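upload.txt (compact mmCIF, N, CA and C atoms) appears below.
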# COMPACT_ATOMS: atom_id res chain seq x y z
N MET A 1 7.07 -55.42 -172.88
CA MET A 1 8.21 -55.91 -172.14
C MET A 1 9.43 -56.06 -173.05
N PHE A 2 9.22 -56.60 -174.25
CA PHE A 2 10.30 -56.72 -175.22
C PHE A 2 9.98 -55.87 -176.43
N GLN A 3 10.97 -55.15 -176.92
CA GLN A 3 10.78 -54.32 -178.11
C GLN A 3 11.91 -54.59 -179.09
N ILE A 4 11.56 -54.69 -180.37
CA ILE A 4 12.56 -54.88 -181.41
C ILE A 4 13.59 -53.76 -181.30
N ASN A 5 14.87 -54.12 -181.45
CA ASN A 5 16.03 -53.22 -181.35
C ASN A 5 16.37 -52.81 -179.93
N GLN A 6 15.66 -53.34 -178.95
CA GLN A 6 16.02 -53.11 -177.55
C GLN A 6 17.42 -53.69 -177.33
N THR A 7 18.24 -53.02 -176.53
CA THR A 7 19.63 -53.45 -176.34
C THR A 7 19.97 -53.68 -174.87
N TRP A 8 20.98 -54.50 -174.65
CA TRP A 8 21.53 -54.79 -173.33
C TRP A 8 23.05 -54.77 -173.46
N LYS A 9 23.71 -54.44 -172.36
CA LYS A 9 25.18 -54.37 -172.36
C LYS A 9 25.71 -54.77 -170.99
N LYS A 10 26.80 -55.53 -170.98
CA LYS A 10 27.43 -55.96 -169.72
C LYS A 10 28.91 -56.19 -169.98
N THR A 11 29.74 -55.85 -168.99
CA THR A 11 31.18 -56.02 -169.09
C THR A 11 31.66 -57.00 -168.03
N TRP A 12 32.58 -57.88 -168.43
CA TRP A 12 33.24 -58.82 -167.52
C TRP A 12 34.74 -58.68 -167.67
N LYS A 13 35.46 -58.89 -166.59
CA LYS A 13 36.92 -58.92 -166.61
C LYS A 13 37.35 -60.39 -166.63
N ILE A 14 38.18 -60.73 -167.60
CA ILE A 14 38.73 -62.09 -167.67
C ILE A 14 39.93 -62.13 -166.74
N ASN A 15 39.68 -62.38 -165.47
CA ASN A 15 40.75 -62.38 -164.48
C ASN A 15 41.24 -63.81 -164.22
N LYS A 16 42.26 -63.92 -163.43
CA LYS A 16 42.89 -65.21 -163.13
C LYS A 16 41.89 -66.18 -162.48
N LYS A 17 41.05 -65.68 -161.59
CA LYS A 17 40.07 -66.53 -160.91
C LYS A 17 39.09 -67.15 -161.90
N LEU A 18 38.52 -66.32 -162.79
CA LEU A 18 37.57 -66.81 -163.77
C LEU A 18 38.25 -67.82 -164.71
N TYR A 19 39.45 -67.50 -165.15
CA TYR A 19 40.23 -68.40 -166.02
C TYR A 19 40.46 -69.75 -165.32
N SER A 20 40.89 -69.71 -164.07
CA SER A 20 41.17 -70.94 -163.32
C SER A 20 39.90 -71.76 -163.10
N GLN A 21 38.80 -71.10 -162.79
CA GLN A 21 37.54 -71.81 -162.59
C GLN A 21 37.08 -72.48 -163.89
N PHE A 22 37.26 -71.80 -165.01
CA PHE A 22 36.86 -72.40 -166.29
C PHE A 22 37.74 -73.61 -166.60
N LEU A 23 39.04 -73.50 -166.33
CA LEU A 23 39.94 -74.65 -166.52
C LEU A 23 39.49 -75.83 -165.66
N ASP A 24 39.19 -75.56 -164.40
CA ASP A 24 38.76 -76.62 -163.48
C ASP A 24 37.48 -77.30 -163.94
N ILE A 25 36.53 -76.53 -164.44
CA ILE A 25 35.25 -77.09 -164.87
C ILE A 25 35.38 -77.83 -166.21
N SER A 26 36.06 -77.21 -167.16
CA SER A 26 36.13 -77.79 -168.50
C SER A 26 37.14 -78.93 -168.62
N LYS A 27 38.16 -78.91 -167.78
CA LYS A 27 39.25 -79.89 -167.85
C LYS A 27 39.97 -79.82 -169.21
N ASP A 28 39.87 -78.69 -169.89
CA ASP A 28 40.55 -78.48 -171.17
C ASP A 28 41.88 -77.78 -170.89
N TYR A 29 42.92 -78.59 -170.81
CA TYR A 29 44.25 -78.07 -170.50
C TYR A 29 45.14 -78.02 -171.75
N ASN A 30 44.53 -77.86 -172.91
CA ASN A 30 45.27 -77.72 -174.14
C ASN A 30 46.34 -76.65 -173.94
N PRO A 31 47.58 -76.90 -174.38
CA PRO A 31 48.65 -75.92 -174.15
C PRO A 31 48.39 -74.56 -174.80
N MET A 32 47.50 -74.50 -175.78
CA MET A 32 47.16 -73.19 -176.37
C MET A 32 46.54 -72.29 -175.30
N HIS A 33 45.90 -72.93 -174.28
CA HIS A 33 45.23 -72.18 -173.21
C HIS A 33 46.05 -72.11 -171.93
N THR A 34 47.12 -72.87 -171.83
CA THR A 34 47.85 -72.95 -170.56
C THR A 34 49.34 -72.63 -170.66
N ASP A 35 49.90 -72.64 -171.85
CA ASP A 35 51.34 -72.46 -172.02
C ASP A 35 51.62 -71.27 -172.94
N PRO A 36 52.05 -70.14 -172.36
CA PRO A 36 52.29 -68.95 -173.17
C PRO A 36 53.29 -69.19 -174.32
N ASP A 37 54.34 -69.94 -174.05
CA ASP A 37 55.34 -70.18 -175.11
C ASP A 37 54.74 -70.98 -176.26
N PHE A 38 53.92 -71.96 -175.94
CA PHE A 38 53.27 -72.76 -176.98
C PHE A 38 52.37 -71.86 -177.83
N ALA A 39 51.52 -71.06 -177.19
CA ALA A 39 50.61 -70.17 -177.92
C ALA A 39 51.39 -69.16 -178.76
N LYS A 40 52.45 -68.63 -178.21
CA LYS A 40 53.28 -67.65 -178.95
C LYS A 40 53.90 -68.29 -180.18
N SER A 41 54.23 -69.57 -180.12
CA SER A 41 54.83 -70.25 -181.27
C SER A 41 53.86 -70.34 -182.45
N PHE A 42 52.57 -70.07 -182.20
CA PHE A 42 51.56 -70.06 -183.26
C PHE A 42 51.08 -68.64 -183.58
N GLY A 43 51.84 -67.65 -183.12
CA GLY A 43 51.56 -66.26 -183.48
C GLY A 43 50.69 -65.48 -182.52
N PHE A 44 50.27 -66.09 -181.42
CA PHE A 44 49.48 -65.36 -180.43
C PHE A 44 50.42 -64.60 -179.50
N LYS A 45 49.91 -63.54 -178.87
CA LYS A 45 50.78 -62.75 -177.99
C LYS A 45 50.93 -63.37 -176.61
N ASP A 46 50.07 -64.33 -176.27
CA ASP A 46 50.12 -65.02 -174.98
C ASP A 46 49.20 -66.23 -175.10
N LYS A 47 49.08 -67.00 -174.01
CA LYS A 47 48.09 -68.08 -174.03
C LYS A 47 46.72 -67.46 -174.27
N ILE A 48 45.87 -68.20 -174.96
CA ILE A 48 44.54 -67.66 -175.27
C ILE A 48 43.50 -68.29 -174.34
N ILE A 49 42.54 -67.48 -173.97
CA ILE A 49 41.45 -67.93 -173.12
C ILE A 49 40.46 -68.74 -173.98
N HIS A 50 39.88 -69.75 -173.40
CA HIS A 50 38.89 -70.58 -174.10
C HIS A 50 37.76 -69.70 -174.66
N GLY A 51 37.49 -69.84 -175.94
CA GLY A 51 36.39 -69.09 -176.54
C GLY A 51 35.05 -69.41 -175.91
N ASN A 52 34.90 -70.64 -175.44
CA ASN A 52 33.61 -71.03 -174.87
C ASN A 52 33.30 -70.36 -173.54
N ILE A 53 34.24 -69.61 -173.01
CA ILE A 53 33.94 -68.84 -171.81
C ILE A 53 32.83 -67.81 -172.11
N LEU A 54 32.73 -67.44 -173.39
CA LEU A 54 31.69 -66.49 -173.78
C LEU A 54 30.29 -67.08 -173.59
N GLN A 55 30.18 -68.41 -173.64
CA GLN A 55 28.88 -69.07 -173.40
C GLN A 55 28.36 -68.75 -171.99
N LEU A 56 29.28 -68.64 -171.04
CA LEU A 56 28.87 -68.28 -169.68
C LEU A 56 28.20 -66.92 -169.65
N PHE A 57 28.75 -66.00 -170.43
CA PHE A 57 28.20 -64.65 -170.45
C PHE A 57 26.84 -64.60 -171.15
N ILE A 58 26.65 -65.46 -172.15
CA ILE A 58 25.34 -65.55 -172.79
C ILE A 58 24.32 -66.11 -171.81
N SER A 59 24.72 -67.11 -171.05
CA SER A 59 23.82 -67.68 -170.05
C SER A 59 23.42 -66.62 -169.03
N TYR A 60 24.39 -65.82 -168.58
CA TYR A 60 24.10 -64.74 -167.64
C TYR A 60 23.12 -63.73 -168.26
N PHE A 61 23.38 -63.37 -169.51
CA PHE A 61 22.51 -62.42 -170.20
C PHE A 61 21.06 -62.90 -170.20
N VAL A 62 20.84 -64.13 -170.63
CA VAL A 62 19.47 -64.65 -170.71
C VAL A 62 18.86 -64.85 -169.32
N GLY A 63 19.62 -65.44 -168.41
CA GLY A 63 19.08 -65.78 -167.10
C GLY A 63 18.96 -64.65 -166.12
N GLU A 64 19.81 -63.64 -166.26
CA GLU A 64 19.84 -62.57 -165.25
C GLU A 64 19.52 -61.17 -165.77
N MET A 65 19.77 -60.91 -167.03
CA MET A 65 19.57 -59.54 -167.54
C MET A 65 18.20 -59.33 -168.17
N LEU A 66 17.63 -60.38 -168.73
CA LEU A 66 16.33 -60.22 -169.37
C LEU A 66 15.23 -60.11 -168.32
N PRO A 67 14.15 -59.38 -168.62
CA PRO A 67 13.14 -59.10 -167.60
C PRO A 67 12.24 -60.28 -167.23
N LYS A 68 12.23 -61.34 -168.01
CA LYS A 68 11.44 -62.53 -167.66
C LYS A 68 12.38 -63.63 -167.21
N LYS A 69 11.90 -64.52 -166.36
CA LYS A 69 12.73 -65.62 -165.85
C LYS A 69 12.29 -66.97 -166.39
N ASN A 70 11.17 -67.02 -167.09
CA ASN A 70 10.68 -68.28 -167.66
C ASN A 70 11.18 -68.43 -169.11
N LEU A 71 12.50 -68.36 -169.25
CA LEU A 71 13.15 -68.39 -170.56
C LEU A 71 14.13 -69.55 -170.64
N ILE A 72 14.28 -70.11 -171.85
CA ILE A 72 15.34 -71.09 -172.09
C ILE A 72 15.99 -70.76 -173.43
N ILE A 73 17.28 -71.02 -173.50
CA ILE A 73 18.00 -70.87 -174.76
C ILE A 73 17.70 -72.12 -175.60
N ILE A 74 17.25 -71.90 -176.84
CA ILE A 74 16.99 -73.06 -177.71
C ILE A 74 18.07 -73.23 -178.78
N SER A 75 18.82 -72.18 -179.06
CA SER A 75 19.99 -72.31 -179.93
C SER A 75 20.86 -71.07 -179.79
N GLN A 76 22.13 -71.28 -180.09
CA GLN A 76 23.06 -70.16 -180.11
C GLN A 76 24.17 -70.46 -181.09
N LYS A 77 24.67 -69.41 -181.69
CA LYS A 77 25.76 -69.55 -182.65
C LYS A 77 26.72 -68.40 -182.42
N ILE A 78 28.00 -68.75 -182.28
CA ILE A 78 29.03 -67.74 -182.08
C ILE A 78 30.12 -67.94 -183.12
N ARG A 79 30.53 -66.85 -183.72
CA ARG A 79 31.68 -66.87 -184.63
C ARG A 79 32.80 -66.10 -183.93
N TYR A 80 33.92 -66.77 -183.75
CA TYR A 80 35.07 -66.17 -183.06
C TYR A 80 35.94 -65.43 -184.07
N LEU A 81 36.23 -64.18 -183.78
CA LEU A 81 36.96 -63.33 -184.71
C LEU A 81 38.39 -63.03 -184.25
N LYS A 82 38.58 -62.91 -182.96
CA LYS A 82 39.89 -62.57 -182.38
C LYS A 82 40.07 -63.37 -181.09
N PRO A 83 41.32 -63.60 -180.70
CA PRO A 83 41.56 -64.32 -179.44
C PRO A 83 41.20 -63.47 -178.22
N ILE A 84 40.98 -64.18 -177.12
CA ILE A 84 40.72 -63.54 -175.82
C ILE A 84 41.94 -63.80 -174.95
N TYR A 85 42.38 -62.78 -174.22
CA TYR A 85 43.54 -62.90 -173.36
C TYR A 85 43.18 -62.57 -171.91
N LEU A 86 43.99 -63.08 -171.02
CA LEU A 86 43.83 -62.81 -169.59
C LEU A 86 43.87 -61.31 -169.33
N ASN A 87 43.05 -60.87 -168.41
CA ASN A 87 42.95 -59.48 -167.95
C ASN A 87 42.28 -58.53 -168.94
N GLN A 88 41.67 -59.07 -169.98
CA GLN A 88 40.89 -58.22 -170.87
C GLN A 88 39.51 -57.98 -170.27
N ASN A 89 38.95 -56.82 -170.56
CA ASN A 89 37.55 -56.55 -170.27
C ASN A 89 36.76 -56.93 -171.51
N ILE A 90 35.78 -57.79 -171.32
CA ILE A 90 34.95 -58.25 -172.42
C ILE A 90 33.57 -57.62 -172.28
N VAL A 91 33.11 -56.97 -173.33
CA VAL A 91 31.81 -56.31 -173.32
C VAL A 91 30.86 -57.09 -174.23
N LEU A 92 29.75 -57.51 -173.66
CA LEU A 92 28.68 -58.14 -174.43
C LEU A 92 27.63 -57.08 -174.75
N LYS A 93 27.31 -56.97 -176.03
CA LYS A 93 26.20 -56.13 -176.45
C LYS A 93 25.21 -57.03 -177.16
N SER A 94 23.96 -56.91 -176.78
CA SER A 94 22.91 -57.74 -177.36
C SER A 94 21.77 -56.85 -177.82
N LYS A 95 21.18 -57.24 -178.95
CA LYS A 95 20.05 -56.50 -179.50
C LYS A 95 18.96 -57.48 -179.90
N LEU A 96 17.73 -57.17 -179.53
CA LEU A 96 16.59 -58.00 -179.92
C LEU A 96 16.28 -57.74 -181.40
N LYS A 97 16.45 -58.79 -182.21
CA LYS A 97 16.24 -58.66 -183.66
C LYS A 97 14.83 -59.04 -184.07
N SER A 98 14.26 -60.04 -183.39
CA SER A 98 12.87 -60.41 -183.72
C SER A 98 12.19 -60.97 -182.47
N PHE A 99 10.88 -60.80 -182.45
CA PHE A 99 10.08 -61.28 -181.33
C PHE A 99 8.75 -61.76 -181.89
N ASN A 100 8.52 -63.07 -181.79
CA ASN A 100 7.25 -63.67 -182.17
C ASN A 100 6.48 -63.92 -180.88
N GLU A 101 5.61 -62.99 -180.56
CA GLU A 101 4.88 -63.05 -179.30
C GLU A 101 3.97 -64.28 -179.23
N THR A 102 3.35 -64.64 -180.34
CA THR A 102 2.45 -65.79 -180.38
C THR A 102 3.20 -67.08 -180.05
N MET A 103 4.38 -67.26 -180.62
CA MET A 103 5.18 -68.47 -180.41
C MET A 103 6.10 -68.35 -179.18
N GLY A 104 6.25 -67.13 -178.66
CA GLY A 104 7.14 -66.91 -177.52
C GLY A 104 8.60 -67.08 -177.89
N LEU A 105 8.97 -66.62 -179.09
CA LEU A 105 10.35 -66.77 -179.56
C LEU A 105 11.03 -65.41 -179.69
N LEU A 106 12.23 -65.34 -179.16
CA LEU A 106 13.05 -64.13 -179.22
C LEU A 106 14.34 -64.46 -179.94
N GLU A 107 14.78 -63.59 -180.84
CA GLU A 107 16.07 -63.76 -181.50
C GLU A 107 16.94 -62.54 -181.17
N PHE A 108 18.11 -62.82 -180.61
CA PHE A 108 19.03 -61.75 -180.24
C PHE A 108 20.29 -61.81 -181.10
N GLU A 109 20.74 -60.66 -181.51
CA GLU A 109 22.05 -60.51 -182.15
C GLU A 109 23.02 -60.18 -181.02
N ILE A 110 24.17 -60.84 -181.00
CA ILE A 110 25.14 -60.59 -179.94
C ILE A 110 26.50 -60.24 -180.53
N ALA A 111 27.23 -59.43 -179.80
CA ALA A 111 28.60 -59.08 -180.18
C ALA A 111 29.41 -58.94 -178.90
N PHE A 112 30.61 -59.48 -178.94
CA PHE A 112 31.55 -59.34 -177.84
C PHE A 112 32.72 -58.48 -178.31
N LYS A 113 33.12 -57.53 -177.48
CA LYS A 113 34.26 -56.67 -177.82
C LYS A 113 35.25 -56.64 -176.67
N ALA A 114 36.50 -56.45 -177.03
CA ALA A 114 37.59 -56.20 -176.07
C ALA A 114 38.34 -54.99 -176.59
N SER A 115 38.48 -53.97 -175.78
CA SER A 115 39.14 -52.73 -176.21
C SER A 115 38.53 -52.21 -177.51
N ARG A 116 37.22 -52.23 -177.59
CA ARG A 116 36.45 -51.74 -178.72
C ARG A 116 36.65 -52.51 -180.03
N VAL A 117 37.33 -53.65 -179.95
CA VAL A 117 37.54 -54.51 -181.11
C VAL A 117 36.62 -55.72 -180.98
N LYS A 118 35.85 -55.99 -182.02
CA LYS A 118 34.93 -57.13 -181.98
C LYS A 118 35.74 -58.43 -181.97
N ILE A 119 35.48 -59.27 -180.96
CA ILE A 119 36.19 -60.55 -180.85
C ILE A 119 35.29 -61.74 -181.18
N ALA A 120 33.98 -61.53 -181.14
CA ALA A 120 33.04 -62.61 -181.47
C ALA A 120 31.68 -61.99 -181.75
N GLU A 121 30.89 -62.73 -182.54
CA GLU A 121 29.55 -62.27 -182.86
C GLU A 121 28.67 -63.48 -183.11
N GLY A 122 27.37 -63.27 -183.04
CA GLY A 122 26.48 -64.38 -183.31
C GLY A 122 25.05 -64.06 -182.99
N LYS A 123 24.30 -65.13 -182.69
CA LYS A 123 22.89 -64.96 -182.36
C LYS A 123 22.47 -65.99 -181.32
N VAL A 124 21.43 -65.63 -180.60
CA VAL A 124 20.87 -66.50 -179.56
C VAL A 124 19.36 -66.50 -179.75
N ASP A 125 18.79 -67.71 -179.81
CA ASP A 125 17.34 -67.86 -179.88
C ASP A 125 16.83 -68.32 -178.54
N VAL A 126 15.81 -67.65 -178.04
CA VAL A 126 15.29 -67.89 -176.70
C VAL A 126 13.78 -68.14 -176.80
N LYS A 127 13.33 -69.08 -175.99
CA LYS A 127 11.89 -69.41 -175.92
C LYS A 127 11.34 -68.96 -174.58
N ILE A 128 10.20 -68.30 -174.62
CA ILE A 128 9.45 -67.97 -173.42
C ILE A 128 8.53 -69.14 -173.13
N LEU A 129 8.64 -69.73 -171.95
CA LEU A 129 7.80 -70.88 -171.60
C LEU A 129 6.42 -70.45 -171.14

Written form, structure tokens:
Amino acid sequence: MFQINQTWKKTWKINKKLYSQFLDISKDYNPMHTDPDFAKSFGFKDKIIHGNILQLFISYFVGEMLPKKNLIIISQKIRYLKPIYLNQNIVLKSKLKSFNETMGLLEFEIAFKASRVKIAEGKVDVKIL
């Protein structure tokens, strides 16, 4: 069912609806995320999307893309490399790096790209219950 180096890929559009829903849920109205002029004053080309929106995509990957449903995330680490902007297409690529069948532990390497530029990378550890 799981094989080392097995890969998964999914694309999401960071549209106005997704951005607004994340703002409503997180209640993080920092002007870096809501005020284009403020963000531009710090060298960004526009307001930047919350980096933690990528956590939603990791949750989708584990909960909906993997072939088993008795899984839980036990840890995740993301390093943000570039900002995310409204209307970008974000591509998640994930690769299974290790699988301990006896312990039911999976380790995935993840990378997020926008316009073929890596914007974030990290790893996700998953437990099979």

> Which neighbours of region 45-50 of chain A fall inside 5 Å, counting all atoms listed in the file, when residues of the same chain fewer than 3 positions from it are skipped, and could you give them as a list of chain:residue names?
Replying inline: A:Met32, A:His33, A:Asp35, A:Pro36, A:Ile53, A:Ile84, A:Tyr85

Suppose we keep N, CA and C atoms; can you now write the selection as a PDB file, keeping the file's coordinate frame?
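Now in result30.pdb:
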ATOM      1  N   MET A  32      47.500 -74.500-175.780  1.00  0.00           N
ATOM      2  CA  MET A  32      47.160 -73.190-176.370  1.00  0.00           C
ATOM      3  C   MET A  32      46.540 -72.290-175.300  1.00  0.00           C
ATOM      4  N   HIS A  33      45.900 -72.930-174.280  1.00  0.00           N
ATOM      5  CA  HIS A  33      45.230 -72.180-173.210  1.00  0.00           C
ATOM      6  C   HIS A  33      46.050 -72.110-171.930  1.00  0.00           C
ATOM      7  N   ASP A  35      49.900 -72.640-171.850  1.00  0.00           N
ATOM      8  CA  ASP A  35      51.340 -72.460-172.020  1.00  0.00           C
ATOM      9  C   ASP A  35      51.620 -71.270-172.940  1.00  0.00           C
ATOM     10  N   PRO A  36      52.050 -70.140-172.360  1.00  0.00           N
ATOM     11  CA  PRO A  36      52.290 -68.950-173.170  1.00  0.00           C
ATOM     12  C   PRO A  36      53.290 -69.190-174.320  1.00  0.00           C
ATOM     13  N   ILE A  53      34.240 -69.610-173.010  1.00  0.00           N
ATOM     14  CA  ILE A  53      33.940 -68.840-171.810  1.00  0.00           C
ATOM     15  C   ILE A  53      32.830 -67.810-172.110  1.00  0.00           C
ATOM     16  N   ILE A  84      40.980 -64.180-177.120  1.00  0.00           N
ATOM     17  CA  ILE A  84      40.720 -63.540-175.820  1.00  0.00           C
ATOM     18  C   ILE A  84      41.940 -63.800-174.950  1.00  0.00           C
ATOM     19  N   TYR A  85      42.380 -62.780-174.220  1.00  0.00           N
ATOM     20  CA  TYR A  85      43.540 -62.900-173.360  1.00  0.00           C
ATOM     21  C   TYR A  85      43.180 -62.570-171.910  1.00  0.00           C
TER      22      TYR A  85
END

>> Residues of region 26-76 of chain A classed as strand (DSSP E or B) by DSSP on the backbone are to be reported as JSON, numbers by chain.
In response: {"A": [71, 72, 73, 74, 75, 76]}

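Atom pair CA of Lys97 (chain A) / CA of Leu56 (chain A) has a distance of 21.2 Å (rounded to one decimal).
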
> Mind pulling up the distance from CA of Ser59 (chain A) to CA of Lys127 (chain A)?
Replying inline: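 Taking CA of Lys127 (chain A) as the start and CA of Ser59 (chain A) as the end point, the length is 13.4 Å.
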
> Could you state the separation of CA of Lys113 (chain A) and atom C of Ile14 (chain A) in Å, given to one decimal place?
Replying inline: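 Between CA of Lys113 (chain A) and atom C of Ile14 (chain A) the gap is 13.6 Å.
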
>> For the structure I just gave you, how does DSSP split region 33-93 of chain A - specifically, which residues are alpha helix (DSSP H)? Reply as a ChimeraX atom specification.
In response: /A:33-34,36-40,53-60

>> Quick one: residues within 10 Å of Pro67 (chain A), only C-alpha atoms, excluding same-chain residues fewer than 5 positions away - as number ranges by chain?
In response: A: 1-2, 62

Those same residues - N, CA and C atoms - I'd like them written as an mmCIF file, in the coordinates of the input.
data_model
loop_
_atom_site.group_PDB
_atom_site.id
_atom_site.type_symbol
_atom_site.label_atom_id
_atom_site.label_comp_id
_atom_site.auth_asym_id
_atom_site.auth_seq_id
_atom_site.Cartn_x
_atom_site.Cartn_y
_atom_site.Cartn_z
ATOM 1 N N MET A 1 7.070 -55.420 -172.880
ATOM 2 C CA MET A 1 8.210 -55.910 -172.140
ATOM 3 C C MET A 1 9.430 -56.060 -173.050
ATOM 4 N N PHE A 2 9.220 -56.600 -174.250
ATOM 5 C CA PHE A 2 10.300 -56.720 -175.220
ATOM 6 C C PHE A 2 9.980 -55.870 -176.430
ATOM 7 N N VAL A 62 20.840 -64.130 -170.630
ATOM 8 C CA VAL A 62 19.470 -64.650 -170.710
ATOM 9 C C VAL A 62 18.860 -64.850 -169.320
#

> Quick one: of A:Ala111, A:Gln21, A:Ile73, A:Ile4, who's nearest to Phe99 (chain A), counting only N, CA and C atoms?
Replying inline: A:Ile4

> In terms of the shortest atom-to-atom distance over all atoms listed in the file, which of A:Ser75, A:Ser115, A:Asn30, A:Gln3 is closest to Gln88 (chain A)?
Replying inline: A:Ser115

>> Quick one: residues within 5 Å of Lys123 (chain A), only N, CA and C atoms, excluding same-chain residues fewer than 6 positions away - as an MDAnalysis selection string?
In response: chainID A and resid 76:77 108:110

>> Measuring between only N, CA and C atoms, which one of A:Pro31, A:Gly104, A:Gly63, A:Pro83 shows the shortest distance to Leu129 (chain A)?
In response: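 With only N, CA and C atoms as the atom set, the closest residue is A:Gly104.
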
> So, counting all atoms listed in the file, which residue among A:Lys69, A:Ile128, A:Lys93, A:Trp12 is closest to Leu105 (chain A)?
Replying inline: A:Ile128

> So which residues touch Phe112 (chain A) within 8 Å, counting only N, CA and C atoms, skipping near sequence neighbours fewer than 5 positions away, as a PyMOL selection string?
Replying inline: chain A and resi 90-94+117-122

>> Which polymer residues, whether protein, DNA or RNA, lie within 5 Å of the coordinate (16.1, -70.1, -180.7) when you count only N, CA and C atoms? List them as a ChimeraX atom specification, using the chain letters and numbers from the file.
In response: /A:74-75,124-126

Write a file of the just-selected residues containing N, CA and C atoms, as a compact mmCIF listing (two decimals), keeping the file's coordinate frame.
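Output file result-v6.txt is given in full below:
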# COMPACT_ATOMS: atom_id res chain seq x y z
N ILE A 74 17.25 -71.90 -176.84
CA ILE A 74 16.99 -73.06 -177.71
C ILE A 74 18.07 -73.23 -178.78
N SER A 75 18.82 -72.18 -179.06
CA SER A 75 19.99 -72.31 -179.93
C SER A 75 20.86 -71.07 -179.79
N VAL A 124 21.43 -65.63 -180.60
CA VAL A 124 20.87 -66.50 -179.56
C VAL A 124 19.36 -66.50 -179.75
N ASP A 125 18.79 -67.71 -179.81
CA ASP A 125 17.34 -67.86 -179.88
C ASP A 125 16.83 -68.32 -178.54
N VAL A 126 15.81 -67.65 -178.04
CA VAL A 126 15.29 -67.89 -176.70
C VAL A 126 13.78 -68.14 -176.80
